[in-house]
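Data from model09.cif: mmCIF, N, CA and C atoms
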data_my_file
#
loop_
_atom_site.label_atom_id
_atom_site.label_comp_id
_atom_site.auth_asym_id
_atom_site.auth_seq_id
_atom_site.Cartn_x
_atom_site.Cartn_y
_atom_site.Cartn_z
N MET A 244 0.83 -1.17 0.00
CA MET A 244 0.00 0.00 0.00
C MET A 244 0.88 1.24 0.00
N GLN A 245 0.44 2.25 -0.69
CA GLN A 245 1.21 3.49 -0.79
C GLN A 245 0.84 4.43 0.34
N PRO A 246 1.81 5.20 0.87
CA PRO A 246 1.50 6.19 1.89
C PRO A 246 0.58 7.27 1.33
N VAL A 247 -0.24 7.79 2.20
CA VAL A 247 -1.12 8.90 1.85
C VAL A 247 -0.42 10.16 2.30
N SER A 248 -0.36 11.17 1.46
CA SER A 248 0.27 12.43 1.83
C SER A 248 -0.65 13.59 1.51
N VAL A 249 -0.69 14.55 2.41
CA VAL A 249 -1.43 15.78 2.20
C VAL A 249 -0.44 16.91 2.43
N HIS A 250 -0.39 17.86 1.52
CA HIS A 250 0.52 18.97 1.71
C HIS A 250 -0.03 20.21 1.04
N GLU A 251 0.54 21.34 1.43
CA GLU A 251 0.12 22.61 0.87
C GLU A 251 0.57 22.73 -0.58
N ALA A 252 -0.20 23.50 -1.36
CA ALA A 252 0.19 23.76 -2.74
C ALA A 252 1.48 24.58 -2.74
N ARG A 253 2.40 24.23 -3.58
CA ARG A 253 3.69 24.92 -3.68
C ARG A 253 3.92 25.32 -5.13
N PRO A 254 4.71 26.33 -5.33
CA PRO A 254 5.07 26.69 -6.70
C PRO A 254 5.78 25.52 -7.36
N PRO A 255 5.70 25.44 -8.68
CA PRO A 255 6.39 24.36 -9.39
C PRO A 255 7.87 24.32 -9.00
N GLY A 256 8.36 23.13 -8.74
CA GLY A 256 9.76 22.95 -8.39
C GLY A 256 10.07 23.09 -6.91
N ALA A 257 9.16 23.69 -6.14
CA ALA A 257 9.40 23.84 -4.71
C ALA A 257 9.13 22.51 -4.02
N VAL A 258 9.99 22.17 -3.10
CA VAL A 258 9.83 20.92 -2.37
C VAL A 258 9.50 21.24 -0.92
N ALA A 259 8.43 20.65 -0.43
CA ALA A 259 8.05 20.84 0.96
C ALA A 259 7.63 19.49 1.53
N PRO A 260 7.93 19.27 2.78
CA PRO A 260 7.51 18.01 3.37
C PRO A 260 5.99 17.97 3.47
N PRO A 261 5.41 16.80 3.32
CA PRO A 261 3.96 16.70 3.45
C PRO A 261 3.54 17.02 4.88
N LYS A 262 2.34 17.57 5.02
CA LYS A 262 1.83 17.88 6.35
C LYS A 262 1.42 16.62 7.09
N LEU A 263 1.02 15.59 6.35
CA LEU A 263 0.59 14.34 6.97
C LEU A 263 1.04 13.17 6.11
N ASP A 264 1.64 12.21 6.75
CA ASP A 264 2.00 10.96 6.07
C ASP A 264 1.32 9.82 6.83
N VAL A 265 0.74 8.90 6.09
CA VAL A 265 0.22 7.68 6.69
C VAL A 265 0.87 6.51 5.96
N GLY A 266 1.76 5.84 6.66
CA GLY A 266 2.42 4.67 6.11
C GLY A 266 1.78 3.41 6.65
N PHE A 267 1.98 2.32 5.97
CA PHE A 267 1.35 1.06 6.36
C PHE A 267 2.40 -0.03 6.46
N ARG A 268 2.27 -0.84 7.51
CA ARG A 268 3.09 -2.04 7.63
C ARG A 268 2.26 -3.10 8.34
N THR A 269 2.60 -4.34 8.11
CA THR A 269 1.87 -5.43 8.73
C THR A 269 2.75 -6.09 9.78
N VAL A 270 2.19 -6.29 10.95
CA VAL A 270 2.85 -7.01 12.03
C VAL A 270 1.95 -8.19 12.36
N GLY A 271 2.38 -9.39 11.96
CA GLY A 271 1.51 -10.55 12.08
C GLY A 271 0.28 -10.35 11.20
N SER A 272 -0.88 -10.41 11.80
CA SER A 272 -2.12 -10.18 11.05
C SER A 272 -2.66 -8.77 11.24
N THR A 273 -1.89 -7.91 11.91
CA THR A 273 -2.35 -6.55 12.23
C THR A 273 -1.75 -5.53 11.27
N LEU A 274 -2.59 -4.65 10.76
CA LEU A 274 -2.13 -3.54 9.93
C LEU A 274 -1.84 -2.35 10.84
N VAL A 275 -0.62 -1.85 10.78
CA VAL A 275 -0.23 -0.68 11.55
C VAL A 275 -0.25 0.52 10.62
N LEU A 276 -1.06 1.51 10.97
CA LEU A 276 -1.11 2.77 10.22
C LEU A 276 -0.23 3.75 10.98
N ALA A 277 0.96 4.02 10.44
CA ALA A 277 1.94 4.89 11.09
C ALA A 277 1.74 6.31 10.57
N VAL A 278 1.30 7.19 11.46
CA VAL A 278 0.95 8.56 11.09
C VAL A 278 2.07 9.49 11.52
N GLY A 279 2.47 10.38 10.62
CA GLY A 279 3.47 11.38 10.93
C GLY A 279 3.02 12.74 10.42
N GLY A 280 3.44 13.78 11.11
CA GLY A 280 3.09 15.14 10.69
C GLY A 280 1.96 15.71 11.52
N GLU A 281 1.15 16.54 10.89
CA GLU A 281 0.12 17.29 11.59
C GLU A 281 -1.27 16.70 11.34
N ILE A 282 -2.05 16.60 12.41
CA ILE A 282 -3.46 16.22 12.26
C ILE A 282 -4.27 17.46 12.61
N ASP A 283 -4.78 18.09 11.56
CA ASP A 283 -5.52 19.34 11.73
C ASP A 283 -6.68 19.39 10.74
N LEU A 284 -7.29 20.55 10.59
CA LEU A 284 -8.45 20.71 9.72
C LEU A 284 -8.16 20.29 8.29
N GLU A 285 -6.97 20.58 7.81
CA GLU A 285 -6.61 20.26 6.43
C GLU A 285 -6.34 18.77 6.22
N THR A 286 -5.73 18.12 7.20
CA THR A 286 -5.28 16.75 7.01
C THR A 286 -6.21 15.68 7.58
N ALA A 287 -7.10 16.06 8.48
CA ALA A 287 -7.98 15.08 9.14
C ALA A 287 -8.79 14.24 8.15
N PRO A 288 -9.33 14.81 7.07
CA PRO A 288 -10.08 13.96 6.13
C PRO A 288 -9.24 12.84 5.52
N SER A 289 -7.97 13.10 5.26
CA SER A 289 -7.10 12.05 4.71
C SER A 289 -6.85 10.94 5.73
N LEU A 290 -6.68 11.31 6.99
CA LEU A 290 -6.50 10.31 8.04
C LEU A 290 -7.77 9.48 8.18
N THR A 291 -8.91 10.14 8.19
CA THR A 291 -10.19 9.43 8.29
C THR A 291 -10.34 8.45 7.14
N ALA A 292 -10.04 8.90 5.93
CA ALA A 292 -10.17 8.02 4.76
C ALA A 292 -9.23 6.82 4.86
N ALA A 293 -8.00 7.05 5.32
CA ALA A 293 -7.03 5.95 5.43
C ALA A 293 -7.51 4.89 6.42
N VAL A 294 -8.04 5.33 7.56
CA VAL A 294 -8.48 4.38 8.58
C VAL A 294 -9.77 3.68 8.17
N THR A 295 -10.75 4.45 7.71
CA THR A 295 -12.05 3.83 7.38
C THR A 295 -11.95 2.88 6.20
N ALA A 296 -11.00 3.11 5.31
CA ALA A 296 -10.84 2.21 4.16
C ALA A 296 -10.24 0.87 4.57
N ARG A 297 -9.64 0.81 5.76
CA ARG A 297 -8.91 -0.40 6.13
C ARG A 297 -9.44 -1.12 7.36
N ILE A 298 -10.24 -0.46 8.16
CA ILE A 298 -10.62 -1.04 9.45
C ILE A 298 -11.46 -2.31 9.33
N ASP A 299 -12.21 -2.45 8.27
CA ASP A 299 -13.05 -3.64 8.09
C ASP A 299 -12.27 -4.84 7.58
N HIS A 300 -11.01 -4.66 7.23
CA HIS A 300 -10.23 -5.74 6.62
C HIS A 300 -9.39 -6.52 7.62
N GLY A 301 -9.50 -6.20 8.88
CA GLY A 301 -8.74 -6.93 9.90
C GLY A 301 -8.26 -6.00 10.99
N PRO A 302 -7.52 -6.53 11.94
CA PRO A 302 -7.05 -5.72 13.06
C PRO A 302 -6.15 -4.57 12.59
N CYS A 303 -6.36 -3.40 13.18
CA CYS A 303 -5.58 -2.21 12.86
C CYS A 303 -5.07 -1.57 14.15
N VAL A 304 -3.93 -0.93 14.05
CA VAL A 304 -3.37 -0.12 15.12
C VAL A 304 -3.01 1.23 14.51
N LEU A 305 -3.39 2.30 15.20
CA LEU A 305 -3.07 3.65 14.74
C LEU A 305 -1.88 4.15 15.55
N ASP A 306 -0.73 4.30 14.89
CA ASP A 306 0.52 4.70 15.54
C ASP A 306 0.75 6.19 15.33
N LEU A 307 0.61 6.97 16.42
CA LEU A 307 0.75 8.43 16.34
C LEU A 307 2.08 8.93 16.89
N THR A 308 3.06 8.05 17.02
CA THR A 308 4.32 8.45 17.66
C THR A 308 5.11 9.49 16.86
N GLU A 309 4.82 9.65 15.58
CA GLU A 309 5.54 10.63 14.76
C GLU A 309 4.68 11.86 14.45
N VAL A 310 3.56 12.01 15.13
CA VAL A 310 2.70 13.18 14.93
C VAL A 310 3.35 14.39 15.59
N THR A 311 3.39 15.51 14.86
CA THR A 311 4.03 16.72 15.37
C THR A 311 3.03 17.76 15.86
N PHE A 312 1.75 17.61 15.50
CA PHE A 312 0.71 18.55 15.93
C PHE A 312 -0.62 17.82 15.95
N LEU A 313 -1.36 18.01 17.04
CA LEU A 313 -2.70 17.44 17.17
C LEU A 313 -3.63 18.55 17.62
N GLY A 314 -4.36 19.13 16.66
CA GLY A 314 -5.28 20.22 16.95
C GLY A 314 -6.65 19.72 17.35
N ALA A 315 -7.56 20.66 17.57
CA ALA A 315 -8.92 20.32 17.99
C ALA A 315 -9.60 19.41 16.98
N THR A 316 -9.40 19.68 15.70
CA THR A 316 -9.98 18.82 14.67
C THR A 316 -9.38 17.42 14.74
N GLY A 317 -8.11 17.32 15.04
CA GLY A 317 -7.46 16.02 15.19
C GLY A 317 -8.03 15.24 16.35
N LEU A 318 -8.29 15.92 17.46
CA LEU A 318 -8.89 15.25 18.62
C LEU A 318 -10.27 14.71 18.27
N THR A 319 -11.06 15.54 17.61
CA THR A 319 -12.40 15.11 17.18
C THR A 319 -12.30 13.94 16.22
N THR A 320 -11.33 14.00 15.33
CA THR A 320 -11.14 12.91 14.36
C THR A 320 -10.82 11.60 15.06
N LEU A 321 -9.94 11.63 16.05
CA LEU A 321 -9.61 10.40 16.78
C LEU A 321 -10.83 9.84 17.49
N LEU A 322 -11.62 10.71 18.10
CA LEU A 322 -12.83 10.26 18.78
C LEU A 322 -13.82 9.67 17.78
N ASN A 323 -13.98 10.32 16.64
CA ASN A 323 -14.89 9.82 15.60
C ASN A 323 -14.41 8.49 15.02
N LEU A 324 -13.10 8.34 14.84
CA LEU A 324 -12.57 7.08 14.32
C LEU A 324 -12.77 5.94 15.32
N ALA A 325 -12.60 6.23 16.60
CA ALA A 325 -12.84 5.21 17.63
C ALA A 325 -14.31 4.80 17.63
N ALA A 326 -15.21 5.77 17.48
CA ALA A 326 -16.64 5.47 17.43
C ALA A 326 -16.98 4.67 16.18
N TYR A 327 -16.37 5.04 15.07
CA TYR A 327 -16.58 4.31 13.81
C TYR A 327 -16.16 2.85 13.97
N ALA A 328 -14.99 2.63 14.56
CA ALA A 328 -14.51 1.26 14.79
C ALA A 328 -15.47 0.51 15.71
N ASP A 329 -15.93 1.17 16.76
CA ASP A 329 -16.84 0.54 17.71
C ASP A 329 -18.15 0.12 17.04
N ARG A 330 -18.69 0.98 16.18
CA ARG A 330 -19.93 0.64 15.46
C ARG A 330 -19.74 -0.59 14.58
N ARG A 331 -18.53 -0.82 14.15
CA ARG A 331 -18.23 -1.98 13.30
C ARG A 331 -17.70 -3.16 14.11
N GLN A 332 -17.81 -3.02 15.43
CA GLN A 332 -17.34 -4.04 16.37
C GLN A 332 -15.86 -4.36 16.15
N ARG A 333 -15.10 -3.30 15.95
CA ARG A 333 -13.65 -3.38 15.79
C ARG A 333 -12.99 -2.57 16.89
N ARG A 334 -11.74 -2.88 17.15
CA ARG A 334 -10.93 -2.09 18.07
C ARG A 334 -10.08 -1.14 17.25
N LEU A 335 -9.76 0.01 17.82
CA LEU A 335 -8.79 0.90 17.20
C LEU A 335 -7.82 1.38 18.27
N PRO A 336 -6.85 0.52 18.62
CA PRO A 336 -5.85 0.95 19.59
C PRO A 336 -4.97 2.04 18.98
N ILE A 337 -4.62 3.01 19.83
CA ILE A 337 -3.84 4.16 19.39
C ILE A 337 -2.53 4.19 20.18
N VAL A 338 -1.42 4.27 19.46
CA VAL A 338 -0.10 4.30 20.10
C VAL A 338 0.36 5.76 20.17
N VAL A 339 0.68 6.20 21.39
CA VAL A 339 1.09 7.59 21.59
C VAL A 339 2.52 7.73 22.10
N ASP A 340 3.12 6.65 22.61
CA ASP A 340 4.49 6.68 23.12
C ASP A 340 4.62 7.81 24.14
N ALA A 341 5.68 8.55 24.10
CA ALA A 341 5.90 9.66 25.03
C ALA A 341 5.78 10.99 24.30
N ASN A 342 5.04 11.02 23.22
CA ASN A 342 4.91 12.20 22.38
C ASN A 342 3.97 13.21 23.05
N ARG A 343 4.54 14.20 23.73
CA ARG A 343 3.72 15.18 24.45
C ARG A 343 2.82 15.98 23.52
N ARG A 344 3.21 16.12 22.28
CA ARG A 344 2.36 16.85 21.33
C ARG A 344 1.05 16.12 21.10
N VAL A 345 1.02 14.84 21.39
CA VAL A 345 -0.20 14.05 21.25
C VAL A 345 -0.82 13.79 22.62
N ILE A 346 -0.01 13.38 23.58
CA ILE A 346 -0.54 13.02 24.89
C ILE A 346 -1.17 14.21 25.60
N ARG A 347 -0.51 15.35 25.58
CA ARG A 347 -1.00 16.51 26.34
C ARG A 347 -2.40 16.94 25.91
N PRO A 348 -2.70 17.13 24.63
CA PRO A 348 -4.07 17.49 24.26
C PRO A 348 -5.09 16.41 24.66
N LEU A 349 -4.68 15.15 24.58
CA LEU A 349 -5.58 14.07 24.98
C LEU A 349 -5.87 14.14 26.48
N GLN A 350 -4.86 14.43 27.28
CA GLN A 350 -5.04 14.54 28.73
C GLN A 350 -5.88 15.75 29.11
N ILE A 351 -5.60 16.88 28.50
CA ILE A 351 -6.32 18.12 28.83
C ILE A 351 -7.81 17.97 28.55
N THR A 352 -8.15 17.29 27.47
CA THR A 352 -9.56 17.13 27.07
C THR A 352 -10.22 15.91 27.70
N GLY A 353 -9.45 15.07 28.39
CA GLY A 353 -10.01 13.86 28.98
C GLY A 353 -10.16 12.71 28.00
N LEU A 354 -9.71 12.90 26.78
CA LEU A 354 -9.83 11.84 25.78
C LEU A 354 -8.89 10.67 26.07
N ASP A 355 -7.89 10.89 26.91
CA ASP A 355 -7.03 9.77 27.29
C ASP A 355 -7.82 8.71 28.06
N GLU A 356 -8.96 9.10 28.63
CA GLU A 356 -9.83 8.16 29.34
C GLU A 356 -10.86 7.52 28.40
N GLU A 357 -11.07 8.12 27.24
CA GLU A 357 -12.09 7.64 26.29
C GLU A 357 -11.50 6.74 25.20
N LEU A 358 -10.27 6.98 24.83
CA LEU A 358 -9.63 6.24 23.75
C LEU A 358 -8.78 5.11 24.31
N THR A 359 -8.51 4.11 23.49
CA THR A 359 -7.68 2.98 23.90
C THR A 359 -6.24 3.29 23.51
N LEU A 360 -5.45 3.73 24.50
CA LEU A 360 -4.09 4.21 24.24
C LEU A 360 -3.04 3.22 24.74
N PHE A 361 -1.93 3.17 24.00
CA PHE A 361 -0.80 2.32 24.35
C PHE A 361 0.49 3.08 24.11
N HIS A 362 1.57 2.61 24.74
CA HIS A 362 2.88 3.24 24.56
C HIS A 362 3.68 2.65 23.42
N THR A 363 3.38 1.41 23.02
CA THR A 363 4.11 0.79 21.91
C THR A 363 3.14 0.03 21.02
N VAL A 364 3.56 -0.18 19.80
CA VAL A 364 2.76 -0.98 18.85
C VAL A 364 2.62 -2.40 19.38
N ASP A 365 3.69 -2.96 19.92
CA ASP A 365 3.62 -4.33 20.44
C ASP A 365 2.58 -4.45 21.55
N GLU A 366 2.54 -3.47 22.47
CA GLU A 366 1.53 -3.49 23.53
C GLU A 366 0.13 -3.47 22.94
N ALA A 367 -0.07 -2.62 21.94
CA ALA A 367 -1.40 -2.50 21.32
C ALA A 367 -1.81 -3.80 20.65
N ILE A 368 -0.88 -4.43 19.95
CA ILE A 368 -1.18 -5.69 19.27
C ILE A 368 -1.44 -6.79 20.28
N ASN A 369 -0.59 -6.89 21.30
CA ASN A 369 -0.75 -7.94 22.30
C ASN A 369 -2.04 -7.80 23.09
N ALA A 370 -2.48 -6.58 23.35
CA ALA A 370 -3.75 -6.37 24.07
C ALA A 370 -4.92 -6.88 23.25
N GLY A 371 -4.82 -6.81 21.94
CA GLY A 371 -5.90 -7.28 21.07
C GLY A 371 -5.96 -8.78 20.96
N GLU A 372 -4.88 -9.45 21.31
CA GLU A 372 -4.83 -10.91 21.20
C GLU A 372 -5.33 -11.61 22.45
N ARG A 373 -5.64 -10.85 23.49
CA ARG A 373 -6.12 -11.45 24.74
C ARG A 373 -7.57 -11.82 24.65
#

Written as structure tokens, how would this file's structure read?
Amino acid sequence: MQPVSVHEARPPGAVAPPKLDVGFRTVGSTLVLAVGGEIDLETAPSLTAAVTARIDHGPCVLDLTEVTFLGATGLTTLLNLAAYADRRQRRLPIVVDANRRVIRPLQITGLDEELTLFHTVDEAINAGER
């Protein structure tokens, strides 16, 4: 699967890093969606599309350890994705590691109590196998 990238329009020839990257790798039977960059108003629809297109195909883990910004829209997106997974009787474990840019907004809003969070991909996968 190819990574999904969202980035600002640039003049021809200008190179800029994408605002959001979603890479995919498989660990056992679990698909890990590794997210990097910013989750905001501009990029949230791409993250939603990446997760919803894959969640029905087997176990998924959302790895946010490389996220550099998590805005209000990103918080809402994570909550909506967890609800989407729940409606489909799926789990959506989220890996946050020690990334304060992700953990702090989740703690301030209380979403750390609502979402299924883990510190490592292995922990998230192993919790699903119990």

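Excluding range 328-336 of chain A and any residue on its chain fewer than 5 positions from it, the residues at most 9 Å away by only C-alpha atoms are Thr295, Ile298, Asp299, Gly301, Pro302, Cys303, Val304, Leu305, Asp306, Asn323, Leu358, Thr359, Leu360, Phe361, Val364, Ala367, Ile368, Ala370 and Gly371 of chain A.
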
Can you tell me, as a list of chain:residue names, what residues are no more than 8 Å from Val278 in chain A when counting only C-alpha atoms, ignoring any on the same chain fewer than 3 positions away?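 Counting only the stated atoms, we get A:Leu263, A:Asp264, A:Val265, A:Gly266, A:Leu305, A:Asp306, A:Leu307, A:Thr308, A:Glu309, A:Val310.
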
Pull the strand (DSSP E or B) assignments for range 293-324 of chain A out of DSSP run on the backbone, and list those residues as a list of chain:residue names.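 Filtering range 293-324 of chain A down to strand (DSSP E or B) leaves A:Cys303, A:Val304, A:Leu305, A:Asp306, A:Leu307, A:Thr308, A:Glu309, A:Val310, A:Thr311, A:Phe312, A:Leu313.
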
So which residues touch Ala287 in chain A within 10 Å, counting only C-alpha atoms, skipping near sequence neighbours fewer than 2 positions away, as a list of chain:residue names?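 Within the cut-off, the hits are A:Val249, A:Leu263, A:Glu281, A:Ile282, A:Asp283, A:Leu284, A:Glu285, A:Ser289, A:Leu290, A:Thr291, A:Ala292, A:Ala293, A:Leu313, A:Gly314, A:Thr316, A:Gly317, A:Leu318, A:Thr319, A:Thr320, A:Leu321.
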
Keeping only N, CA and C atoms, write those residues as a tab-separated table (two decimals), in the frame of the given file.
chain	number	residue	atom	x	y	z
A	249	VAL	N	-0.69	14.55	2.41
A	249	VAL	CA	-1.43	15.78	2.20
A	249	VAL	C	-0.44	16.91	2.43
A	263	LEU	N	1.02	15.59	6.35
A	263	LEU	CA	0.59	14.34	6.97
A	263	LEU	C	1.04	13.17	6.11
A	281	GLU	N	1.15	16.54	10.89
A	281	GLU	CA	0.12	17.29	11.59
A	281	GLU	C	-1.27	16.70	11.34
A	282	ILE	N	-2.05	16.60	12.41
A	282	ILE	CA	-3.46	16.22	12.26
A	282	ILE	C	-4.27	17.46	12.61
A	283	ASP	N	-4.78	18.09	11.56
A	283	ASP	CA	-5.52	19.34	11.73
A	283	ASP	C	-6.68	19.39	10.74
A	284	LEU	N	-7.29	20.55	10.59
A	284	LEU	CA	-8.45	20.71	9.72
A	284	LEU	C	-8.16	20.29	8.29
A	285	GLU	N	-6.97	20.58	7.81
A	285	GLU	CA	-6.61	20.26	6.43
A	285	GLU	C	-6.34	18.77	6.22
A	289	SER	N	-7.97	13.10	5.26
A	289	SER	CA	-7.10	12.05	4.71
A	289	SER	C	-6.85	10.94	5.73
A	290	LEU	N	-6.68	11.31	6.99
A	290	LEU	CA	-6.50	10.31	8.04
A	290	LEU	C	-7.77	9.48	8.18
A	291	THR	N	-8.91	10.14	8.19
A	291	THR	CA	-10.19	9.43	8.29
A	291	THR	C	-10.34	8.45	7.14
A	292	ALA	N	-10.04	8.90	5.93
A	292	ALA	CA	-10.17	8.02	4.76
A	292	ALA	C	-9.23	6.82	4.86
A	293	ALA	N	-8.00	7.05	5.32
A	293	ALA	CA	-7.03	5.95	5.43
A	293	ALA	C	-7.51	4.89	6.42
A	313	LEU	N	-1.36	18.01	17.04
A	313	LEU	CA	-2.70	17.44	17.17
A	313	LEU	C	-3.63	18.55	17.62
A	314	GLY	N	-4.36	19.13	16.66
A	314	GLY	CA	-5.28	20.22	16.95
A	314	GLY	C	-6.65	19.72	17.35
A	316	THR	N	-9.40	19.68	15.70
A	316	THR	CA	-9.98	18.82	14.67
A	316	THR	C	-9.38	17.42	14.74
A	317	GLY	N	-8.11	17.32	15.04
A	317	GLY	CA	-7.46	16.02	15.19
A	317	GLY	C	-8.03	15.24	16.35
A	318	LEU	N	-8.29	15.92	17.46
A	318	LEU	CA	-8.89	15.25	18.62
A	318	LEU	C	-10.27	14.71	18.27
A	319	THR	N	-11.06	15.54	17.61
A	319	THR	CA	-12.40	15.11	17.18
A	319	THR	C	-12.30	13.94	16.22
A	320	THR	N	-11.33	14.00	15.33
A	320	THR	CA	-11.14	12.91	14.36
A	320	THR	C	-10.82	11.60	15.06
A	321	LEU	N	-9.94	11.63	16.05
A	321	LEU	CA	-9.61	10.40	16.78
A	321	LEU	C	-10.83	9.84	17.49

For the alpha helix (DSSP H) assignment from backbone DSSP, which residues of range 280-350 of chain A qualify? Please present them as a ChimeraX atom specification. /A:287-295,315-330,343-350
